[in-house]
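S.K.: My structure file start.cif, mmCIF, C-alpha atoms, is below:
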```cif
data_query
#
loop_
_atom_site.label_atom_id
_atom_site.label_comp_id
_atom_site.auth_asym_id
_atom_site.auth_seq_id
_atom_site.Cartn_x
_atom_site.Cartn_y
_atom_site.Cartn_z
CA MET K 1 102.27 70.58 88.74
CA ARG K 2 99.12 69.18 87.14
CA GLY K 3 100.52 65.68 87.18
CA ARG K 4 101.28 65.92 90.88
CA LEU K 5 97.90 67.38 91.70
CA LYS K 6 95.84 64.91 89.74
CA GLY K 7 94.25 62.20 91.80
CA ILE K 8 95.53 63.32 95.18
CA PHE K 9 92.27 62.52 96.93
CA SER K 10 91.63 59.31 94.98
CA ARG K 11 94.63 57.46 96.41
CA LYS K 12 94.07 54.32 98.43
CA ALA K 13 93.60 54.80 102.15
CA GLU K 14 96.71 52.80 103.04
CA GLN K 15 98.81 55.27 101.04
CA LEU K 16 97.69 58.13 103.27
CA GLU K 17 98.91 58.87 106.75
CA LYS K 18 96.73 57.62 109.57
CA ASP K 19 94.21 60.31 110.54
CA ASP K 20 94.21 60.78 114.29
CA ASP K 21 92.13 63.97 114.18
CA LEU K 22 88.82 64.34 115.93
CA TYR K 23 87.14 65.06 112.60
CA LYS K 24 87.15 62.61 109.72
CA THR K 25 89.01 64.25 106.86
CA ARG K 26 91.85 62.79 104.84
CA LYS K 27 95.13 64.56 105.27
CA VAL K 28 96.96 66.07 102.34
CA PRO K 29 99.84 63.62 101.72
CA TYR K 30 103.14 65.03 102.90
CA LYS K 31 105.98 64.49 100.43
CA LYS K 32 109.42 65.86 101.17
CA ASP K 33 110.24 66.27 97.49
CA ASP K 34 107.23 68.54 97.11
CA MET K 35 108.74 70.94 99.63
CA ARG K 36 112.09 71.28 97.89
CA LEU K 37 111.54 74.94 96.96
CA LEU K 38 110.49 75.84 100.48
CA GLU K 39 113.46 74.05 102.02
CA LYS K 40 115.80 75.97 99.73
CA LEU K 41 114.20 79.23 100.84
CA MET K 42 114.69 78.33 104.48
CA LYS K 43 118.30 77.24 103.95
CA SER K 44 119.12 80.51 102.23
CA TYR K 45 117.56 82.39 105.12
CA LEU K 46 119.45 80.43 107.77
CA LEU K 47 122.78 80.89 105.98
CA GLY K 48 122.23 84.62 105.63
CA LYS K 49 120.86 85.27 109.12
CA LYS K 50 122.59 82.71 111.32
CA ASN K 51 124.84 85.23 113.02
CA SER K 52 122.66 88.32 112.89
CA GLY K 53 120.36 89.51 115.65
CA GLY K 54 117.58 91.34 113.89
CA SER K 55 114.57 93.02 115.44
CA ARG K 56 111.27 91.39 116.22
CA PHE K 57 108.77 91.54 113.46
CA GLY K 58 105.37 93.07 114.10
CA GLY K 59 103.36 91.52 111.30
CA SER K 60 103.25 90.69 107.64
CA SER K 61 101.00 89.75 104.82
CA GLY K 62 103.67 90.17 102.16
CA GLY K 63 105.11 87.78 99.63
CA GLY K 64 104.03 86.71 96.20
CA TRP K 65 103.21 83.78 93.94
CA THR K 66 105.24 82.54 91.01
CA ASN K 67 102.39 80.66 89.33
CA GLU K 68 99.14 82.43 88.49
CA LYS K 69 97.23 79.14 88.78
CA ASP K 70 98.31 78.44 92.37
CA GLN K 71 95.60 79.01 94.97
CA ARG K 72 95.88 82.36 96.75
CA VAL K 73 95.84 82.41 100.54
CA MET K 74 96.01 85.64 102.52
CA PHE K 75 98.26 85.29 105.56
CA LYS K 76 98.84 87.83 108.34
CA THR K 77 100.67 87.39 111.59
CA SER K 78 101.57 89.42 114.63
CA HIS K 79 103.01 88.74 118.07
CA SER K 80 102.72 89.93 121.64
CA ASP K 81 104.60 89.28 124.88
CA SER K 82 101.62 89.83 127.21
CA LEU K 83 100.22 86.80 129.03
CA GLN K 84 96.96 88.68 129.69
CA VAL K 85 96.53 89.40 125.96
CA HIS K 86 97.41 85.78 125.16
CA GLN K 87 94.80 84.38 127.55
CA LYS K 88 92.09 86.81 126.44
CA TYR K 89 92.73 86.05 122.79
CA LEU K 90 92.19 82.33 123.44
CA LYS K 91 89.19 82.68 125.75
CA THR K 92 87.39 85.61 124.13
CA TYR K 93 88.54 86.57 120.63
CA MET K 94 88.99 83.15 119.04
CA PRO K 95 85.69 81.67 120.33
CA GLN K 96 83.98 85.06 119.63
CA GLU K 97 82.48 85.21 123.12
CA GLU K 98 81.94 88.98 122.89
CA LYS K 99 80.09 88.80 119.56
CA GLU K 100 76.41 88.45 120.38
CA GLN K 101 75.50 88.16 116.71
CA VAL K 102 77.47 84.91 116.48
CA ILE K 103 75.00 82.29 117.71
CA GLU K 104 77.09 79.17 117.08
CA LYS K 105 80.45 79.86 118.66
CA PRO K 106 83.58 78.42 116.97
CA GLU K 107 85.11 75.31 118.51
CA LEU K 108 88.86 75.55 118.96
CA PHE K 109 91.12 72.81 117.62
CA GLY K 110 94.82 71.97 117.60
CA THR K 111 96.74 71.24 120.80
CA PRO K 112 94.33 70.06 123.54
CA GLU K 113 93.23 72.98 125.72
CA ASN K 114 94.58 71.57 128.99
CA GLU K 115 97.98 70.81 127.46
CA TYR K 116 98.21 74.27 125.89
CA ASN K 117 97.24 76.08 129.09
CA GLU K 118 99.75 74.06 131.11
CA HIS K 119 102.59 75.42 128.96
CA ILE K 120 101.18 78.85 128.05
CA ASP K 121 103.77 81.63 127.76
CA GLY K 122 103.35 85.40 127.63
CA PHE K 123 105.01 85.50 124.21
CA HIS K 124 102.76 84.23 121.41
CA HIS K 125 101.96 84.57 117.71
CA LYS K 126 98.52 85.33 116.25
CA CYS K 127 97.80 84.45 112.62
CA ILE K 128 94.95 84.86 110.14
CA ILE K 129 94.61 82.44 107.21
CA SER K 130 92.09 83.33 104.52
CA PRO K 131 92.04 81.40 101.20
CA GLU K 132 90.60 82.98 98.08
CA ASN K 133 88.78 79.72 97.31
CA GLN K 134 86.10 79.17 99.93
CA ASP K 135 85.92 75.42 99.25
CA VAL K 136 89.22 74.93 101.10
CA ASP K 137 88.83 72.99 104.35
CA LEU K 138 90.20 75.59 106.78
CA GLN K 139 90.80 73.19 109.63
CA LEU K 140 92.73 70.78 107.42
CA LEU K 141 94.67 73.67 105.86
CA SER K 142 95.61 74.95 109.32
CA LYS K 143 96.79 71.55 110.52
CA GLU K 144 98.86 70.92 107.39
CA PHE K 145 100.35 74.40 107.64
CA ILE K 146 101.50 73.79 111.22
CA LYS K 147 102.85 70.35 110.32
CA ARG K 148 104.96 71.66 107.45
CA ILE K 149 106.25 74.69 109.35
CA GLU K 150 107.32 72.33 112.13
CA ALA K 151 109.18 70.21 109.56
CA LEU K 152 110.97 73.26 108.18
CA THR K 153 111.89 74.88 111.50
CA GLY K 154 112.35 71.94 113.85
CA TYR K 155 109.84 73.39 116.34
CA GLU K 156 107.24 71.18 118.03
CA LEU K 157 104.47 73.71 118.46
CA TYR K 158 101.70 74.25 120.95
CA TRP K 159 98.92 75.87 118.93
CA ARG K 160 95.16 76.50 118.86
CA GLY K 161 92.92 77.32 115.92
CA ALA K 162 89.39 78.58 115.26
CA ILE K 163 87.31 79.17 112.13
CA HIS K 164 85.28 82.36 111.84
CA THR K 165 82.32 82.47 109.48
CA ASP K 166 80.69 85.78 110.47
CA THR K 167 82.30 87.75 107.64
CA PRO K 168 81.72 87.44 103.88
CA HIS K 169 85.02 85.55 103.65
CA ARG K 170 85.54 82.55 105.94
CA HIS K 171 88.94 82.52 107.62
CA ALA K 172 90.94 80.77 110.33
CA HIS K 173 92.68 82.25 113.36
CA LEU K 174 95.72 80.50 114.83
CA CYS K 175 97.44 81.18 118.14
CA ILE K 176 100.95 79.72 118.51
CA ASN K 177 102.61 79.56 121.92
CA GLY K 178 105.95 81.36 122.24
CA LYS K 179 107.64 78.28 123.73
CA ASP K 180 107.55 74.94 121.95
CA LYS K 181 107.43 71.44 123.46
CA ASN K 182 111.21 71.42 123.86
CA GLY K 183 111.33 74.77 125.61
CA LYS K 184 112.60 76.62 122.52
CA THR K 185 111.51 80.20 121.90
CA VAL K 186 109.33 80.18 118.79
CA TRP K 187 110.35 82.92 116.39
CA PHE K 188 109.43 83.36 112.71
CA PRO K 189 111.71 85.78 110.80
CA PRO K 190 110.22 88.35 108.39
CA GLU K 191 111.65 86.59 105.33
CA MET K 192 109.98 83.34 106.35
CA ILE K 193 106.62 85.05 106.91
CA ARG K 194 106.72 86.89 103.59
CA THR K 195 107.72 83.88 101.48
CA THR K 196 107.81 80.42 103.02
CA MET K 197 104.61 80.57 105.06
CA ARG K 198 102.53 81.98 102.26
CA GLU K 199 103.97 79.59 99.70
CA THR K 200 103.27 76.70 102.07
CA LEU K 201 99.61 77.69 102.41
CA SER K 202 99.30 78.20 98.66
CA TYR K 203 100.84 74.79 97.98
CA VAL K 204 98.58 72.93 100.40
CA ALA K 205 95.41 74.77 99.24
CA THR K 206 96.24 73.94 95.63
CA GLN K 207 96.57 70.25 96.52
CA MET K 208 93.23 70.34 98.30
CA VAL K 209 91.04 71.96 95.64
CA GLY K 210 93.22 71.98 92.53
CA GLU K 211 94.62 74.86 90.52
CA ARG K 212 92.70 78.07 89.92
CA THR K 213 90.46 77.98 86.88
CA GLU K 214 90.55 80.68 84.22
CA ARG K 215 87.19 81.88 85.53
CA GLU K 216 88.60 82.23 89.07
CA ILE K 217 91.66 84.06 87.80
CA GLU K 218 89.49 86.43 85.77
CA ALA K 219 87.19 87.04 88.75
CA ALA K 220 90.21 87.93 90.89
CA ARG K 221 91.39 90.36 88.22
CA ARG K 222 87.98 92.03 88.14
CA GLY K 223 88.02 92.30 91.92
CA MET K 224 91.40 93.98 91.72
CA THR K 225 89.91 96.97 89.88
CA THR K 226 87.91 98.01 92.95
CA SER K 227 90.40 96.96 95.62
CA MET K 228 91.16 99.47 98.37
CA ARG K 229 94.83 98.55 98.51
CA TRP K 230 97.92 98.72 96.30
CA THR K 231 97.58 96.20 93.45
CA LYS K 232 99.45 94.93 90.39
CA LEU K 233 97.33 97.26 88.29
CA ASP K 234 98.69 100.23 90.22
CA VAL K 235 102.22 99.03 89.52
CA GLU K 236 101.40 99.35 85.81
CA PHE K 237 100.28 102.96 86.32
CA GLU K 238 103.63 103.79 87.91
CA LYS K 239 105.33 102.64 84.71
CA LEU K 240 103.04 104.81 82.55
CA GLY K 241 103.94 108.10 84.25
CA GLU K 242 101.97 111.04 85.64
CA LYS K 243 99.61 111.33 82.67
CA ILE K 244 98.01 108.18 81.31
CA SER K 245 96.54 108.25 77.82
CA GLN K 246 93.04 106.83 77.42
CA ARG K 247 93.96 105.35 74.04
CA ASN K 248 94.56 101.57 73.83
CA LEU K 249 94.23 101.16 77.57
CA PRO K 250 93.25 97.56 78.59
CA PRO K 251 89.75 97.22 80.12
CA GLU K 252 91.05 96.25 83.57
CA LEU K 253 93.23 99.38 83.72
CA GLN K 254 90.33 101.55 82.57
CA GLY K 255 88.16 100.03 85.29
CA ARG K 256 90.83 100.62 87.92
CA LEU K 257 91.27 104.27 86.92
CA ALA K 258 87.51 104.79 87.01
CA HIS K 259 87.46 103.44 90.56
CA LEU K 260 90.39 105.63 91.61
CA GLU K 261 88.54 108.64 90.20
CA GLU K 262 85.42 107.65 92.15
CA ILE K 263 87.30 107.55 95.46
CA GLY K 264 89.18 110.78 94.80
CA LEU K 265 92.61 109.47 93.84
CA ALA K 266 92.51 110.25 90.08
CA ASP K 267 91.16 112.85 87.67
CA LYS K 268 89.97 112.37 84.09
CA SER K 269 90.32 114.92 81.29
CA GLU K 270 89.31 114.61 77.65
CA LYS K 271 92.35 112.53 76.66
CA TYR K 272 94.22 111.66 79.83
CA TRP K 273 93.95 110.25 83.32
CA SER K 274 96.09 111.85 86.02
CA LEU K 275 96.73 110.40 89.47
CA LYS K 276 96.73 112.47 92.65
CA LYS K 277 100.08 113.20 94.25
CA ASP K 278 99.51 110.95 97.28
CA TRP K 279 97.50 108.19 95.57
CA LYS K 280 100.09 105.48 96.25
CA ASP K 281 100.59 106.49 99.89
CA VAL K 282 96.84 106.34 100.49
CA LEU K 283 96.43 102.88 98.92
CA VAL K 284 99.46 101.41 100.68
CA SER K 285 98.34 102.85 104.02
CA THR K 286 94.79 101.56 103.58
CA GLY K 287 96.13 98.11 102.77
CA ARG K 288 97.96 98.08 106.11
CA TYR K 289 95.27 99.75 108.23
CA ASN K 290 91.74 99.15 107.02
CA THR K 291 90.26 102.30 108.60
CA PHE K 292 92.85 104.67 107.16
CA PHE K 293 90.90 105.49 104.01
CA ALA K 294 87.70 106.48 105.82
CA GLU K 295 89.73 108.80 108.06
CA TRP K 296 91.60 110.17 105.03
CA GLN K 297 88.29 111.02 103.37
CA LYS K 298 86.98 112.72 106.53
CA SER K 299 90.09 114.89 106.57
CA GLY K 300 89.55 116.06 103.01
CA GLY K 301 92.67 114.26 101.86
CA LYS K 302 94.95 115.90 104.43
CA LEU K 303 95.65 112.85 106.61
CA GLU K 304 99.09 111.24 106.55
CA LEU K 305 100.32 107.96 108.01
CA TYR K 306 102.80 108.26 110.87
CA SER K 307 106.23 107.19 109.64
CA GLY K 308 108.41 107.64 112.69
CA GLY K 309 109.95 110.36 114.79
CA ALA K 310 108.29 112.74 117.23
CA VAL K 311 104.68 113.92 117.04
CA SER K 312 103.26 116.54 119.40
CA GLY K 313 99.68 117.74 119.21
CA VAL K 314 96.05 117.34 120.22
CA VAL K 315 94.23 114.04 119.79
CA GLU K 316 91.26 114.75 117.53
CA SER K 317 89.84 111.22 117.60
CA VAL K 318 90.53 107.62 118.53
CA VAL K 319 90.00 104.83 116.00
CA THR K 320 89.13 101.45 117.52
CA PHE K 321 89.64 98.35 115.42
CA ASP K 322 87.85 95.03 115.75
CA LYS K 323 90.62 93.34 117.71
CA ASP K 324 89.32 89.95 116.63
CA GLU K 325 90.39 90.68 113.06
CA ALA K 326 93.22 93.16 113.65
CA TRP K 327 95.57 94.06 116.44
CA ASN K 328 95.85 97.80 116.71
CA ASP K 329 94.02 101.02 117.42
CA ALA K 330 94.94 104.43 116.07
CA LEU K 331 95.03 108.09 117.07
CA ILE K 332 94.31 111.04 114.79
CA VAL K 333 96.68 113.76 116.04
CA LYS K 334 96.70 117.42 114.97
CA ASP K 335 100.38 118.45 114.97
CA GLY K 336 100.53 122.04 113.73
CA GLU K 337 99.43 121.93 110.10
CA ARG K 338 99.80 118.16 109.98
CA LEU K 339 97.03 115.66 110.63
CA VAL K 340 98.65 112.32 111.49
CA TYR K 341 97.20 108.81 111.68
CA VAL K 342 99.20 107.03 114.40
CA PRO K 343 98.68 103.24 114.69
CA ILE K 344 98.82 102.10 118.32
CA TRP K 345 99.13 98.56 119.60
CA GLN K 346 96.00 98.09 121.75
CA LEU K 347 95.54 101.53 123.29
CA GLN K 348 94.97 101.42 127.06
CA LYS K 349 94.78 105.13 127.89
CA GLN K 350 91.22 106.32 128.46
CA ASN K 351 89.51 109.67 127.65
CA ILE K 352 92.43 110.85 125.54
CA VAL K 353 90.41 112.78 122.93
CA GLY K 354 91.07 116.52 123.15
CA LYS K 355 94.24 116.10 125.18
CA LYS K 356 97.71 117.14 124.10
CA VAL K 357 100.12 114.27 123.64
CA LYS K 358 103.75 113.75 122.79
CA ILE K 359 104.70 110.63 120.85
CA SER K 360 108.27 109.43 120.76
CA GLY K 361 108.48 106.37 118.60
CA GLY K 362 111.91 106.83 117.08
CA ASP K 363 112.43 105.24 113.69
CA ARG K 364 109.36 103.25 112.86
CA ALA K 365 108.93 100.56 110.23
CA LEU K 366 105.60 100.93 108.47
CA SER K 367 104.59 97.39 109.43
CA ARG K 368 104.75 98.18 113.16
CA GLN K 369 102.53 99.97 115.62
CA LEU K 370 103.56 102.10 118.57
CA LYS K 371 102.79 100.93 122.07
CA ASP K 372 100.75 102.62 124.75
CA LYS K 373 103.94 103.57 126.63
CA ASP K 374 105.09 105.66 123.63
CA ILE K 375 102.17 108.10 124.18
CA HIS K 376 102.80 110.74 126.83
CA VAL K 377 99.85 112.92 127.87
CA VAL K 378 100.99 116.50 128.50
CA ASP K 379 99.68 118.04 131.74
CA ASP K 380 99.09 121.67 130.68
CA THR K 381 97.73 122.57 134.13
CA LYS K 382 101.09 122.05 135.85
CA GLN K 383 102.87 124.08 133.19
CA GLN K 384 100.39 126.97 133.46
CA ASN K 385 100.65 127.05 137.28
CA TYR K 386 104.45 127.11 137.01
CA LYS K 387 104.31 130.10 134.66
CA LYS K 388 101.98 131.98 137.03
CA ARG K 389 104.40 131.51 139.94
CA MET K 390 107.21 132.91 137.80
#
```
Give the structure from this file in structure tokens form.
M.R.:
Amino acid sequence: MRGRLKGIFSRKAEQLEKDDDLYKTRKVPYKKDDMRLLEKLMKSYLLGKKNSGGSRFGGSSGGGWTNEKDQRVMFKTSHSDSLQVHQKYLKTYMPQEEKEQVIEKPELFGTPENEYNEHIDGFHHKCIISPENQDVDLQLLSKEFIKRIEALTGYELYWRGAIHTDTPHRHAHLCINGKDKNGKTVWFPPEMIRTTMRETLSYVATQMVGERTEREIEAARRGMTTSMRWTKLDVEFEKLGEKISQRNLPPELQGRLAHLEEIGLADKSEKYWSLKKDWKDVLVSTGRYNTFFAEWQKSGGKLELYSGGAVSGVVESVVTFDKDEAWNDALIVKDGERLVYVPIWQLQKQNIVGKKVKISGGDRALSRQLKDKDIHVVDDTKQQNYKKRM
């Protein structure tokens, strides 16, 4: 890997592809041999899924890296079939028009605006790309990502991108039209999202800024001790059992346990650490829905994540996400003795707090949110009047 990475940006100009972008940045050289692993992944997917239908995938940030020195890039994606949502995302969310604190609004790039709008479809994909290394050129990374995904899938994509800098971690948003330039429906299977897309981003980012240094790797490990999601350190705790001896425990594991104790997910005795019964559920849920933990704390540890089936109860509160960075709202529903956190895809119903609702979502994958139509407000007045007449 080092040999291939060395000197990438010192090559002669004639060896690089002609840059027809509006900004002057050299492209990362595209070499088919370098994508051999990714092509094999795609071929294995196509062979295994060619004749299967499969359900549409709501979003993913999964996957993993085989080399610790490869650059890490967080990738999340979701989709919608609403033209109104599609248009608003492009005109409002991506350029941050509703964020008054953002003085210099992002300029969108990718497919020219007029060309994109001429072919806009209700179905579309929304992506977030956030590299660990903030020296990565996000616009170049986005363009290379699209180029390589097109090469792997055969799509010719209409897409728009924007870079957001109003958070501590710079990141890019991409919007990909649901129909490509040949009229094909653009669909990315879960396996491709979890592996190929993330590996592609990691590969390109590593070419751009080089491999992670030991200092960067160590900093990431330190950051893992205070992470509010399920981490590799937590996997180690699962192997150690319910009681974890304090003797000969590596510093990073000690730091992680101290953090879990601080947030109420672990207890410390004289010789042992013990983890709370629902510690894994809380971390996994918080990793998927970034407001879950705050709501879990408010409930005194009684909140659970909705996992499918019917829920009937009173809405205690509505959680509204920043739709620029996430794509769902949530309801906190009191169902008997249960207090349930129900993720909802862009809640439209108004003044729902205090009302009784019935939710019929069927079997629900944890990566998906219910839709507004799955929430049925119960009209108690009609029922009470009916009983009086009887």
S.K.: Report as a PDB file with C-alpha atoms, in the frame of the given file the residues that result from applying the PyMOL selection byres ((chain K and resi 141-157) around 9) to the structure here.
M.R.:
```pdb
ATOM      1  CA  LYS K  27      95.130  64.560 105.270  1.00  0.00           C
ATOM      2  CA  VAL K  28      96.960  66.070 102.340  1.00  0.00           C
ATOM      3  CA  TYR K  30     103.140  65.030 102.900  1.00  0.00           C
ATOM      4  CA  MET K  35     108.740  70.940  99.630  1.00  0.00           C
ATOM      5  CA  LEU K  38     110.490  75.840 100.480  1.00  0.00           C
ATOM      6  CA  GLU K  39     113.460  74.050 102.020  1.00  0.00           C
ATOM      7  CA  MET K  42     114.690  78.330 104.480  1.00  0.00           C
ATOM      8  CA  GLY K 110      94.820  71.970 117.600  1.00  0.00           C
ATOM      9  CA  THR K 111      96.740  71.240 120.800  1.00  0.00           C
ATOM     10  CA  ILE K 129      94.610  82.440 107.210  1.00  0.00           C
ATOM     11  CA  VAL K 136      89.220  74.930 101.100  1.00  0.00           C
ATOM     12  CA  ASP K 137      88.830  72.990 104.350  1.00  0.00           C
ATOM     13  CA  LEU K 138      90.200  75.590 106.780  1.00  0.00           C
ATOM     14  CA  GLN K 139      90.800  73.190 109.630  1.00  0.00           C
ATOM     15  CA  LEU K 140      92.730  70.780 107.420  1.00  0.00           C
ATOM     16  CA  TYR K 158     101.700  74.250 120.950  1.00  0.00           C
ATOM     17  CA  TRP K 159      98.920  75.870 118.930  1.00  0.00           C
ATOM     18  CA  GLY K 161      92.920  77.320 115.920  1.00  0.00           C
ATOM     19  CA  ALA K 172      90.940  80.770 110.330  1.00  0.00           C
ATOM     20  CA  HIS K 173      92.680  82.250 113.360  1.00  0.00           C
ATOM     21  CA  LEU K 174      95.720  80.500 114.830  1.00  0.00           C
ATOM     22  CA  ILE K 176     100.950  79.720 118.510  1.00  0.00           C
ATOM     23  CA  ASN K 177     102.610  79.560 121.920  1.00  0.00           C
ATOM     24  CA  GLY K 178     105.950  81.360 122.240  1.00  0.00           C
ATOM     25  CA  LYS K 179     107.640  78.280 123.730  1.00  0.00           C
ATOM     26  CA  ASP K 180     107.550  74.940 121.950  1.00  0.00           C
ATOM     27  CA  LYS K 181     107.430  71.440 123.460  1.00  0.00           C
ATOM     28  CA  ASN K 182     111.210  71.420 123.860  1.00  0.00           C
ATOM     29  CA  LYS K 184     112.600  76.620 122.520  1.00  0.00           C
ATOM     30  CA  THR K 185     111.510  80.200 121.900  1.00  0.00           C
ATOM     31  CA  VAL K 186     109.330  80.180 118.790  1.00  0.00           C
ATOM     32  CA  PHE K 188     109.430  83.360 112.710  1.00  0.00           C
ATOM     33  CA  THR K 196     107.810  80.420 103.020  1.00  0.00           C
ATOM     34  CA  MET K 197     104.610  80.570 105.060  1.00  0.00           C
ATOM     35  CA  THR K 200     103.270  76.700 102.070  1.00  0.00           C
ATOM     36  CA  LEU K 201      99.610  77.690 102.410  1.00  0.00           C
ATOM     37  CA  VAL K 204      98.580  72.930 100.400  1.00  0.00           C
ATOM     38  CA  ALA K 205      95.410  74.770  99.240  1.00  0.00           C
ATOM     39  CA  MET K 208      93.230  70.340  98.300  1.00  0.00           C
TER      40      MET K 208
END
```
S.K.: Which one of K:Asp135, K:Asp70, K:Asp166, K:Glu104 sits closest to Ile217 (chain K) if you count only C-alpha atoms?
M.R.: K:Asp70
S.K.: Would you give the centre and edge lengths, in Å to one decimal, of a box along x, y and z around the listed atoms of region 136-145 of chain K, with 6 Å added to each side, as AutoDock Vina command-line options?
M.R.:
```
--center_x 94.6 --center_y 73.2 --center_z 105.8 --size_x 23.5 --size_y 16.8 --size_z 21.4
```
S.K.: Go ahead and compute the interatomic distance for CA of Pro131 (chain K) and CA of His171 (chain K), in Å to one decimal.
M.R.: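 According to the coordinates, CA of Pro131 (chain K) and CA of His171 (chain K) are separated by 7.2 Å.
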S.K.: Using all atoms listed in the file, which of K:Phe237, K:Tyr341, K:Phe75, K:Phe293 sits nearest Glu199 (chain K)?
M.R.: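 Using all atoms listed in the file, the shortest distance to Glu199 (chain K) belongs to K:Phe75.
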S.K.: Just so the selection is clear, what residues does the PyMOL selection byres ((chain K and resi 279-283) around 7) cover here, as a CSV table (one decimal) with C-alpha atoms, in the frame of the given file?
M.R.:
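What follows is the written file out_3.csv:
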```csv
chain,number,residue,atom,x,y,z
K,228,MET,CA,91.2,99.5,98.4
K,229,ARG,CA,94.8,98.6,98.5
K,230,TRP,CA,97.9,98.7,96.3
K,265,LEU,CA,92.6,109.5,93.8
K,275,LEU,CA,96.7,110.4,89.5
K,276,LYS,CA,96.7,112.5,92.6
K,277,LYS,CA,100.1,113.2,94.2
K,278,ASP,CA,99.5,111.0,97.3
K,284,VAL,CA,99.5,101.4,100.7
K,285,SER,CA,98.3,102.8,104.0
K,286,THR,CA,94.8,101.6,103.6
K,287,GLY,CA,96.1,98.1,102.8
K,293,PHE,CA,90.9,105.5,104.0
```
S.K.: Taking the file as shown, what set of residues would the PyMOL selection byres ((chain K and resi 233) around 9) give back, as a short mmCIF file (atom, residue, chain, number, x, y, z; two decimals) with C-alpha atoms, in the coordinates of the input?
M.R.:
```cif
data_model
loop_
_atom_site.label_atom_id
_atom_site.label_comp_id
_atom_site.auth_asym_id
_atom_site.auth_seq_id
_atom_site.Cartn_x
_atom_site.Cartn_y
_atom_site.Cartn_z
CA MET K 224 91.40 93.98 91.72
CA THR K 225 89.91 96.97 89.88
CA TRP K 230 97.92 98.72 96.30
CA THR K 231 97.58 96.20 93.45
CA LYS K 232 99.45 94.93 90.39
CA ASP K 234 98.69 100.23 90.22
CA VAL K 235 102.22 99.03 89.52
CA GLU K 236 101.40 99.35 85.81
CA PHE K 237 100.28 102.96 86.32
CA GLU K 252 91.05 96.25 83.57
CA LEU K 253 93.23 99.38 83.72
CA ARG K 256 90.83 100.62 87.92
#
```
S.K.: Just checking: using all atoms listed in the file, which residue out of K:Ala310, K:Leu108, K:Leu303, K:Ile359 ends up closest to Val340 (chain K)?
M.R.: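 Smallest distance to Val340 (chain K) is found for K:Leu303.
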S.K.: Tell me, in Å to one decimal, how far CA of Ser82 (chain K) is from CA of Lys358 (chain K).
M.R.: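 Separation of CA of Ser82 (chain K) and CA of Lys358 (chain K): 24.4 Å.
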S.K.: Looking at K:Tyr272, K:Ile375, K:Glu132, K:Met74, which one is nearest to Asn248 (chain K), with distances taken over only C-alpha atoms?
M.R.: K:Tyr272
S.K.: Quick one, how far is CA of Thr92 (chain K) from CA of Lys349 (chain K)?
M.R.: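 So the answer is 21.2 Å.
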S.K.: With a distance cut-off of 6 Å and only C-alpha atoms, select the neighbouring residues of Lys126 (chain K), excluding the residue or stretch itself and same-chain residues fewer than 3 positions from it, and output the selection as a VMD selection string.
M.R.: chain K and resid 77 to 79 174 to 175
S.K.: Taking C-alpha atoms for each residue, export the selection above as a PDB file, in the coordinates of the input.
M.R.:
```pdb
ATOM      1  CA  THR K  77     100.670  87.390 111.590  1.00  0.00           C
ATOM      2  CA  SER K  78     101.570  89.420 114.630  1.00  0.00           C
ATOM      3  CA  HIS K  79     103.010  88.740 118.070  1.00  0.00           C
ATOM      4  CA  LEU K 174      95.720  80.500 114.830  1.00  0.00           C
ATOM      5  CA  CYS K 175      97.440  81.180 118.140  1.00  0.00           C
TER       6      CYS K 175
END
```
S.K.: So which one's closest to Asn117 (chain K), K:Asn133, K:Lys91, K:Val342, K:Lys371? Using all atoms listed in the file, please.
M.R.: K:Lys91
S.K.: Name the closest residue to His169 (chain K) among the candidates K:Leu347, K:Val357, K:Ile128, K:Leu305; distances are taken between atoms, counting all atoms listed in the file.
M.R.: K:Ile128
S.K.: Identify, on the basis of all atoms listed in the file, every residue whose closest approach to Gln96 (chain K) does not exceed 9 Å; exclude the query and any residue fewer than 6 positions from it along the same chain; express the result as a list in words.
M.R.: Val102, Lys105, Pro106, His164 and Asp324 of chain K
S.K.: Tell me, as a list in words, which residues lie within 8 Å of region 268-271 of chain K, counting all atoms listed in the file; anything in the same chain fewer than 5 positions away does not count.
M.R.: Ser245, Gln246, Arg247 and Glu261 of chain K
S.K.: Any idea what's packed within 7 Å of Ser80 (chain K), counting only C-alpha atoms, ignoring anything in its chain fewer than 5 positions away? Could you give it as a tab-separated table (two decimals) with C-alpha atoms, keeping the file's coordinate frame?
M.R.:
```
chain	number	residue	atom	x	y	z
K	123	PHE	CA	105.01	85.50	124.21
K	124	HIS	CA	102.76	84.23	121.41
K	125	HIS	CA	101.96	84.57	117.71
```
